[in-house]
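Below is one structure; the comments refer to it alone.
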Amino acid sequence: MKKIGALILFLFVVNAHAQKKPVYVTDSIMQLYKQDGTAAKNFKSEGRTDVKKLKQGLWIDYKIEKDFVCYNEDGVIKQLFGSYLIYGEGSYFNGKRTGLWKFCVIEDKTFKKILLQEATYKNGGKEGPLAYLLPNGEKGVTGTYHLDKIDGTFKNYYASGAVFSEHDYSVGVLNGPYKFYYQDGKVKSEGNYTNNIKDGVQQLFYHTGQVQEISNLVMGVEDGLYQYFYTNGQLSVEKEYKAGLLMNIKASNSPAGAARDKGTIRNGKGTVINYNNEGAVYAVQTFKGGKLISEDKKN
């Protein structure tokens, strides 16, 4: 299994009991096992080579690889990145992996194999469906590879099987829409990526479906209007950005819709008054050239 070509950050929220962080055989543990002979006895690759010493047919591989494993911590499935001893099982043709391969991490001490990933290979590279599995064997991530790179829609799942998030890739690069979901399937947030950078309209939603926040980004930089809404749908604040600089506060309202003092900022210069959910002022900020230069926090 080759080094991960793009960083994929996944978070899985589950309804389950907390488990201890798993301990798997890593590169450092493997060094100790090589010294005492444990590695040679328990982690030996097996298969057939031809006269050219190319791997052919079914093989069992043991290799140290950089990857991540998933574990449950207080009801949340988290990722633990590291260099793990990976057990691989599948076929070679002329020295290149082909067809379906299954990969496992090795539990330390017991040497139990925990299924981590299933991937399809063509001419030595990942091509076609791929799945990362949660510790209980359920799917955690599904997607496809093309030319050994992430391609198409990658989905992350809750333990219930509901979709947690969706991201679109184009040959290893985040391109296109993304969405995060509440466990009942309602959209939690959505937006767009261009060449791995958030770009265009980004939105957050309350669980009711009401819009919470709308912002516009130009290649990761705020540009245009930003709006934040109360749960009742009333506009709380509307800001105007230009190339990442705060230029104006166009509106500031109470939950009932009453206009309130928004400060003196105009064309990037002046004060901005910030309110908490109870309507009390919690900070007064001063801007110059669209940049924050001071902040007076209230008790």
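Starting from 1 in every chain, residues are counted up; chains themselves are A, B, ... following the order of the structure tokens, and ligands are numbered from 1 as listed.
For Asn299 of chain A, the residues within 12 Å (counting only C-alpha atoms, excluding itself and residues fewer than 4 positions away along the chain) are A:Asn276, A:Ala280, A:Val281, A:Tyr282, A:Ala283, A:Val284.
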Those same residues - N, CA and C atoms - I'd like them written as a PDB file, in the first residue's frame.
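Heads up, here's the output in part20.pdb:
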ATOM      1  N   ASN A 276     -23.226  39.226  22.215  1.00  0.00           N
ATOM      2  CA  ASN A 276     -23.449  37.803  22.462  1.00  0.00           C
ATOM      3  C   ASN A 276     -24.904  37.453  22.174  1.00  0.00           C
ATOM      4  N   ALA A 280     -25.946  41.341  24.804  1.00  0.00           N
ATOM      5  CA  ALA A 280     -25.009  42.201  25.519  1.00  0.00           C
ATOM      6  C   ALA A 280     -23.718  42.368  24.715  1.00  0.00           C
ATOM      7  N   VAL A 281     -23.127  43.556  24.807  1.00  0.00           N
ATOM      8  CA  VAL A 281     -21.861  43.814  24.121  1.00  0.00           C
ATOM      9  C   VAL A 281     -20.746  43.032  24.815  1.00  0.00           C
ATOM     10  N   TYR A 282     -19.981  42.253  24.065  1.00  0.00           N
ATOM     11  CA  TYR A 282     -18.862  41.527  24.666  1.00  0.00           C
ATOM     12  C   TYR A 282     -17.504  42.012  24.167  1.00  0.00           C
ATOM     13  N   ALA A 283     -17.477  42.793  23.080  1.00  0.00           N
ATOM     14  CA  ALA A 283     -16.200  43.322  22.601  1.00  0.00           C
ATOM     15  C   ALA A 283     -16.434  44.468  21.630  1.00  0.00           C
ATOM     16  N   VAL A 284     -15.518  45.430  21.672  1.00  0.00           N
ATOM     17  CA  VAL A 284     -15.491  46.509  20.685  1.00  0.00           C
ATOM     18  C   VAL A 284     -14.132  46.442  19.994  1.00  0.00           C
TER      19      VAL A 284
END
Excluding Ala243 of chain A and any residue of its chain fewer than 5 positions from it, enumerate the residues within 9 Å of it, using only C-alpha atoms, and give them as a VMD selection string.
chain A and resid 217 to 218 221 to 224
Please produce an output containing N, CA and C atoms for each residue in the selection, written as a PDB file, in the first residue's frame.
ATOM      1  N   LEU A 217     -16.121  33.037  -0.393  1.00  0.00           N
ATOM      2  CA  LEU A 217     -14.668  32.982  -0.432  1.00  0.00           C
ATOM      3  C   LEU A 217     -14.184  33.018  -1.870  1.00  0.00           C
ATOM      4  N   VAL A 218     -13.083  33.693  -2.084  1.00  0.00           N
ATOM      5  CA  VAL A 218     -12.397  33.654  -3.373  1.00  0.00           C
ATOM      6  C   VAL A 218     -11.045  33.000  -3.119  1.00  0.00           C
ATOM      7  N   VAL A 221     -10.136  33.151   0.553  1.00  0.00           N
ATOM      8  CA  VAL A 221     -10.127  34.485   1.154  1.00  0.00           C
ATOM      9  C   VAL A 221     -11.536  35.069   1.134  1.00  0.00           C
ATOM     10  N   GLU A 222     -11.977  35.597   2.293  1.00  0.00           N
ATOM     11  CA  GLU A 222     -13.315  36.189   2.366  1.00  0.00           C
ATOM     12  C   GLU A 222     -13.418  37.394   1.432  1.00  0.00           C
ATOM     13  N   ASP A 223     -14.467  37.389   0.624  1.00  0.00           N
ATOM     14  CA  ASP A 223     -14.676  38.475  -0.326  1.00  0.00           C
ATOM     15  C   ASP A 223     -16.171  38.557  -0.628  1.00  0.00           C
ATOM     16  N   GLY A 224     -16.759  39.698  -0.335  1.00  0.00           N
ATOM     17  CA  GLY A 224     -18.196  39.842  -0.523  1.00  0.00           C
ATOM     18  C   GLY A 224     -18.922  39.848   0.805  1.00  0.00           C
TER      19      GLY A 224
END
For Lys55 of chain A, list every protein, DNA or RNA residue within 9 Å, evaluated using only C-alpha atoms, and leave out those in the same chain fewer than 2 positions away; present the list as a list of chain:residue names.
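Here the answer would be A:Gly47, A:Arg48, A:Thr49, A:Asp50, A:Lys52, A:Lys53, A:Gly57, A:Leu58, A:Trp59, A:Ser91, A:Tyr92, A:Phe93, A:Asn94, A:Gly95, A:Lys96, A:Arg97.
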As an MDAnalysis selection string, please: the residues near Asp108 of chain A (cut-off 10 Å, only C-alpha atoms, same-chain neighbours under 3 positions excluded).
chainID A and resid 22:26 29:30 105 111:113
Save out the residues we just selected, N, CA and C atoms, as an mmCIF file, in the first residue's frame.
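For reference, again15.cif as written:
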data_model
loop_
_atom_site.group_PDB
_atom_site.id
_atom_site.type_symbol
_atom_site.label_atom_id
_atom_site.label_comp_id
_atom_site.auth_asym_id
_atom_site.auth_seq_id
_atom_site.Cartn_x
_atom_site.Cartn_y
_atom_site.Cartn_z
ATOM 1 N N PRO A 22 -6.375 2.124 20.494
ATOM 2 C CA PRO A 22 -5.740 0.863 20.106
ATOM 3 C C PRO A 22 -4.225 0.983 20.070
ATOM 4 N N VAL A 23 -3.559 -0.130 20.325
ATOM 5 C CA VAL A 23 -2.106 -0.190 20.220
ATOM 6 C C VAL A 23 -1.763 -1.212 19.154
ATOM 7 N N TYR A 24 -1.240 -0.732 18.041
ATOM 8 C CA TYR A 24 -0.872 -1.594 16.927
ATOM 9 C C TYR A 24 0.641 -1.598 16.759
ATOM 10 N N VAL A 25 1.143 -2.581 16.038
ATOM 11 C CA VAL A 25 2.575 -2.660 15.770
ATOM 12 C C VAL A 25 2.961 -1.505 14.847
ATOM 13 N N THR A 26 3.869 -0.659 15.320
ATOM 14 C CA THR A 26 4.348 0.490 14.556
ATOM 15 C C THR A 26 5.807 0.273 14.171
ATOM 16 N N ILE A 29 7.997 -0.197 17.337
ATOM 17 C CA ILE A 29 7.810 -1.520 17.941
ATOM 18 C C ILE A 29 8.442 -2.588 17.067
ATOM 19 N N MET A 30 8.323 -2.409 15.760
ATOM 20 C CA MET A 30 8.881 -3.376 14.817
ATOM 21 C C MET A 30 10.395 -3.478 14.953
ATOM 22 N N VAL A 105 -4.092 -3.849 10.028
ATOM 23 C CA VAL A 105 -3.083 -3.470 11.008
ATOM 24 C C VAL A 105 -2.954 -4.629 11.988
ATOM 25 N N PHE A 111 -0.986 -9.895 18.151
ATOM 26 C CA PHE A 111 -0.736 -10.007 16.705
ATOM 27 C C PHE A 111 -2.014 -10.301 15.920
ATOM 28 N N LYS A 112 -3.138 -9.916 16.501
ATOM 29 C CA LYS A 112 -4.415 -10.077 15.822
ATOM 30 C C LYS A 112 -4.496 -9.108 14.651
ATOM 31 N N LYS A 113 -5.005 -9.570 13.523
ATOM 32 C CA LYS A 113 -5.140 -8.747 12.330
ATOM 33 C C LYS A 113 -6.491 -8.028 12.353
#
What lies within 12 Å of Lys44 of chain A using only C-alpha atoms, ignoring chain neighbours under 6 positions off, as a ChimeraX atom specification?
/A:34,37-38,59-63,85-88
Please, which residues of segment 107-171 of chain A, numbered as in this document, come out strand (DSSP E) from DSSP, as a VMD selection string?
chain A and resid 113 to 122 125 to 133 139 to 146 149 to 150 152 to 157 163 to 170
Restricting the output to C-alpha atoms, write the selected residues as a compact mmCIF listing (two decimals), in the first residue's frame.
# COMPACT_ATOMS: atom_id res chain seq x y z
CA LYS A 113 -5.14 -8.75 12.33
CA ILE A 114 -7.67 -5.88 12.26
CA LEU A 115 -9.11 -5.24 8.80
CA LEU A 116 -8.26 -1.66 7.87
CA GLN A 117 -8.79 -1.17 4.17
CA GLU A 118 -9.99 -2.85 0.99
CA ALA A 119 -8.73 -1.52 -2.35
CA THR A 120 -8.67 -2.56 -5.99
CA TYR A 121 -5.42 -2.42 -7.99
CA LYS A 122 -4.54 -2.25 -11.68
CA GLY A 125 -1.80 1.37 -8.69
CA LYS A 126 -5.13 1.81 -6.97
CA GLU A 127 -7.94 1.84 -9.50
CA GLY A 128 -11.61 1.55 -8.62
CA PRO A 129 -13.44 1.20 -5.30
CA LEU A 130 -11.78 1.67 -1.92
CA ALA A 131 -13.08 1.37 1.64
CA TYR A 132 -11.61 2.15 5.06
CA LEU A 133 -13.27 0.27 7.90
CA LYS A 139 -17.56 1.08 6.68
CA GLY A 140 -15.99 4.37 7.68
CA VAL A 141 -14.93 5.76 4.32
CA THR A 142 -15.82 4.78 0.77
CA GLY A 143 -14.69 6.16 -2.54
CA THR A 144 -12.79 5.43 -5.71
CA TYR A 145 -9.27 5.78 -7.05
CA HIS A 146 -8.15 6.56 -10.60
CA LYS A 149 -5.17 8.96 -6.90
CA ILE A 150 -8.41 9.81 -5.10
CA GLY A 152 -14.83 11.06 -7.50
CA THR A 153 -16.98 11.33 -4.38
CA PHE A 154 -15.54 10.20 -1.05
CA LYS A 155 -18.06 9.53 1.71
CA ASN A 156 -17.55 9.31 5.48
CA TYR A 157 -20.14 7.52 7.60
CA VAL A 163 -23.49 9.57 5.61
CA PHE A 164 -21.41 11.99 7.69
CA SER A 165 -19.77 13.93 4.86
CA GLU A 166 -19.15 13.95 1.11
CA HIS A 167 -16.21 15.47 -0.76
CA ASP A 168 -15.51 15.47 -4.49
CA TYR A 169 -11.99 14.84 -5.80
CA SER A 170 -10.47 15.11 -9.25
Taking only C-alpha atoms into account, name the residue in A:Tyr193, A:Tyr71, A:Tyr181, A:Tyr230 that is nearest to Val211 of chain A.
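With only C-alpha atoms as the atom set, the closest residue is A:Tyr230.
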Pick from A:Gln212, A:Glu278, A:Ser236, A:Gly270: nearest to Ile293 of chain A, with only C-alpha atoms counted?
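Going through A:Gln212, A:Glu278, A:Ser236, A:Gly270 one by one, the smallest distance to Ile293 of chain A is for A:Gly270.
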